[in-house]
Every structure is written in C-alpha cells, then in structure tokens.
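Down below is the structure, laid out as structure tokens.
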Amino acid sequence: MNDDVRNIVLGVVAAGLSAALGWLARTYLWKRKLRRKQAFFGLPDNSESLLVVNREAGGAELSVMRHDVFALLELSALIKDCGAHAQVIAHDAAQQGFGERTEFCVGGPSSNRRMAAHLHSLLPGIRVNVDPEPGPDRGAFQIGSERYRLEPGKGEYVILARLTAGNTARPVFLFCGQRAITNQAATRYVARNHERLARKHGNNSFVILLKVVNSQAYGPDVVELVADVTRASQTPLPATPARSTHRAS
C-alpha cells in the first residue's frame, strides 16, 4: 500500500470515527434532555397520565371551550414527546386521589369541579370569584392579600402550578385561568419554558401567576410572569379583605 492509498484509508476511518462519535454525543444529549423533561412532568416511558377536561361555564355538560381544546392538544403533544400516554376524563368523573399518575387539570373552578377540589385542598391561599353576576370582581383571583381582576381581552391572569405529595409521587399540573384563552396560554408557556422552570424549581412544587397581555390582538402568545406565589397560595387566606387590586397596565 503506497502513501496515497494509506492516507485515503486513514481519512475515511477518521471521518467514520468522527461521525460515530458525533452521533453518540448527540444521542446522549438528546436522551439526557428527554430524561429531564420526563422527570419534570412525571412522565417516564410508557407511563399513563390524566387530562382532566372542564366544561364551558353555562354550556352543555360535554361542551368544551375552543381554547380549552387547544390547551388539551398542547398537552397531548407534550405527553407524546415524553413517550407517555394520556387518558382524557371529564372533570366530574375524576373521582380518585393523585400521585399515582401525572395529572393535567385544565380550567377554572366554576367549570371544573376537580380544579375546585385541588384549590380547596392544596392551595388554601387562593380564592377565585365564581359569582355569575356581573361586577368588577367577577373572575378575580385573590392570592394571599392581593387581588387580581380580570379585564377581558386586555389583561387576564392564569395560575400555573406543579404540585406533588412527595418525592415518589407523580405531579399534578393545574392550569387555572380567568378565561379559556389563558388556559391555553399557560399550557403553551409550560411547554416552551419547562427547562427553565425545572432549573429553578427542580422537581419540587411551585405556583406561579402569569398574565396574558392583550389577548384580543395577540391571542395566547404574549405572557408575562407576574410572581412566584407558592408560599402565599399554600398559606390559608387572612380574614381581612385583599388590600390591593391589580389591573392591566
């Protein structure tokens, strides 16, 4: 074998080794990223999860708002990416505890009994005004001593929570918005920002408040992080009224 042939063979071998090492590195990084995502959502390979569906307030029993359907589609794609499976169940048929399967609960307490139960049991520092009569506080959130009013189409709030009952329990994710479009905004937010949320909170419980800005123009895409309200939401509400009101700027 002359020098030219030897150089060609060595070049081919080196290129092959480089490609193989690059593929192995990419596969390792992809798998590590997937495992972190699965850990955050509590969705290991072939695991089962629950999508708890609300209903349209004042609508038929099985009527679901369009934006809530979009929220469920966002979550379904996320679950599929993790290699897990989802069971869709109506809010008034989910008569079971939590921790065995990851749960994604969508909708406010006025349209989702399961959400109302979670807020009452797990987040006693949150109160949602479900009064059907028109008024400035209709749909408002009270979190601790703060009140956040709804301004439809301009400034709307949604609570995004990841709650666990222990290190081995699967999490419950709550998407509790003042309007259906805010539920979709929260599911899209967690799908896009789960890596940052995992770095900040690990696999611990957290509750954050988001504001959907000018949804009449931007839909569910423009979302601001208002505050981490984990501590306030887990502390029972004070007896005195909320001291301040937040509106869209």
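Identifiers in this document derive from the order of the structure tokens: chains are assigned A, B, ..., residues are numbered from 1 separately in each chain, and ligands are numbered from 1 in order of occurrence.
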Practice prompt. Using only C-alpha atoms, determine which residues lie at most 12 Å from A:Phe173, disregarding the query and same-chain residues fewer than 4 positions distant; provide the list as a PyMOL selection string.
Written response: chain A and resi 40-42+49-52+75+98-99+101-107+114-115+118-119+122+159-164+183+186-187+190+204-208
Item to complete: Give me every alpha helix (DSSP H) residue in stretch 45-185 of chain A, going by DSSP on the backbone, as a VMD selection string.
Response: chain A and resid 66 to 81 113 to 122 180 to 185
Fill in: Of the listed residues A:Asp137, A:Glu74, A:Asp92, A:Glu48, that which approaches A:Arg170 most closely, counting only C-alpha atoms
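Comparing A:Asp137, A:Glu74, A:Asp92, A:Glu48 against A:Arg170, the winner is A:Glu48.
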Worksheet entry | Residue neighbourhood A:Pro220, 10 Å, only C-alpha atoms, exclusion window fewer than 3 positions, as a list in words |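 Result of the neighbour search: His67, Ala180, Ile181, Thr182, Asn183, Gln184, Ala185, Ala186, Thr187, Arg188, Tyr189, Val212, Val213, Asn214, Ser215, Gln216, Ala217 and Val223 of chain A.
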Practice prompt. Pick out the residues sitting within 9 Å of A:Gln38, and hand them over as a ChimeraX atom specification; count only C-alpha atoms, and ignore anything fewer than 6 positions along from it in its own chain.
Written response: /A:44-45,79,82-84
